[in-house]
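Working notes, beginning with the structure itself.
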Amino acid sequence: MVNVVIADDEVPAVEALAYLLERDSRIGRIHKATSGAEALRALEHHDVDAMFLDIHMPALTGLDIARVISRFSRPPAVVFVTADEDQALEAFNLAAVDYLLKPVRAERLAESVRRICELIEDSTAKPEVITVDQGGVTKMIRRDEIKFVQAQGDYARLHTAEGSYLIRVPLNDLERQWADAGYLRIHRSYLVSVQAIQQMRTTAGRASVLVDGAELPVSRRSLPAVRDRLEANRV
């Protein structure tokens with residue numbers, strides 16, 4: 001099932017598109033937004049696979065939103081919905097899956113959903129790959145090689161068995177984007193691969209986990225979730 005966000009500053013346009021999408025069995029949850037800011041907030045609180053964005057919204061346009069999410073390691077698919085054909089080229093330069101003209105026809109919308117489903121299927125069939133720069137050299141690393149991630153301001157340091165790499169993505173973004181891939185927030189400064197946890201220790205009221213030879217702190221707030229996840233993964 002594809003979970004989507006519809007963003008348009010005109011409420012009737014949001015409702016009309018939601019009505020058509022609700023009739024498609026491939027569509028799961030539909031989150032409605034009447035501004036760009038509201039659409040971005042929906043990404044923070046919900047698992048979203050695709051966004052249907054009106055281009056001409058005040059303040060934060062659909063194109064602005066697409067630029068923001070293009071920096072995500074795994075951004076949702078984007079379909080632009082507009083009455084204006086003039087910005088189609090810019091839309092596709094932002095890797096849009098489709099460009100729908102208003103009024104949206106049901107059969108044309110179904111084609112957009114098909115493209116989204118194909119894109120999701122392709123992305124889940126291949127391991128996630130992260131592009132990193134090290135000493136002026138661009139390198140590709142697989143996400144499943146990353147044992148844990150350490151927050152460093154607006155950056156995050158990815159730790160693998162081979163070394164560590166700095167990327168300009170906040171830890172909060174990675175926590176949300178990688179939750180379904182088995183990564184768990186254990187502390188304000190650390191995100192770990194549950195599969196990489198070797199053991200958990202509790203000493204003098206303080207908890208920590210051993211990940212790839214490194215002892216990482218577990219905050220009191222995160223401790224119940226860590227215990228539950230380890231218990232669920234126990235063989």
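Chain identifiers are assigned as A, B, and so on, following the order in which chains appear in the structure tokens; residues are numbered from 1 within each chain, and ligands are numbered from 1 in order of appearance.
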Worksheet item: Which of range 5-185 of chain A counts as strand (DSSP E or B) under DSSP, as a count of residues only please?
Response: 57
Discussion item. What parts of range 100-226 of chain A does DSSP call alpha helix (DSSP H)? I'd like the answer as a PyMOL selection string.
Written reply: chain A and resi 106-125+171-178+223-226
With the cut-off set at 7 Å and counting only C-alpha atoms, tabulate each residue of range 87-201 of chain A with an atom at most that distance from an atom of range 66-79 of chain A, showing the nearest atom pair and its distance in Å to one decimal, ordered by chain and increasing number, as a tab-separated table.
```
residue	atom	partner	partner_atom	distance
A:Leu94	CA	A:Ala66	CA	6.7
A:Ala96	CA	A:Val78	CA	5.0
A:Val97	CA	A:Val79	CA	5.5
A:Asp98	CA	A:Val79	CA	4.8
A:Tyr99	CA	A:Val79	CA	5.7
A:Ile116	CA	A:Ala77	CA	6.5
A:Gln177	CA	A:Arg74	CA	6.8
```
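The list of residues with at least one atom within 9 Å of range 130-132 of chain A, based on only C-alpha atoms and without residues fewer than 5 positions apart in the same chain, reads A:Ser73, A:Val137, A:Thr138, A:Lys139, A:Met140, A:Ile141, A:Arg142, A:Arg143, A:Tyr165, A:Leu166, A:Ile167.
Residue nearest His46 in chain A, chosen from A:Asn3, A:Gln152, A:Gln198, A:Ser25 and counting only C-alpha atoms: A:Asn3.
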Discussion item. List the spatial neighbours of Ile30 in chain A as a count of residues only - criterion: any atom at most 8 Å away, only C-alpha atoms, same-chain residues fewer than 2 positions off excluded.
Written reply: 9
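Among the candidate residues A:Val2, A:Ala156, A:Val194, A:Val149, the one lying nearest to Arg227 in chain A is A:Val194, with distances computed using only C-alpha atoms.
Nearest to Gln150 in chain A of all the residues A:Pro224, A:Gly136, A:Pro170, A:Gly36 is A:Pro170, counting only C-alpha atoms.
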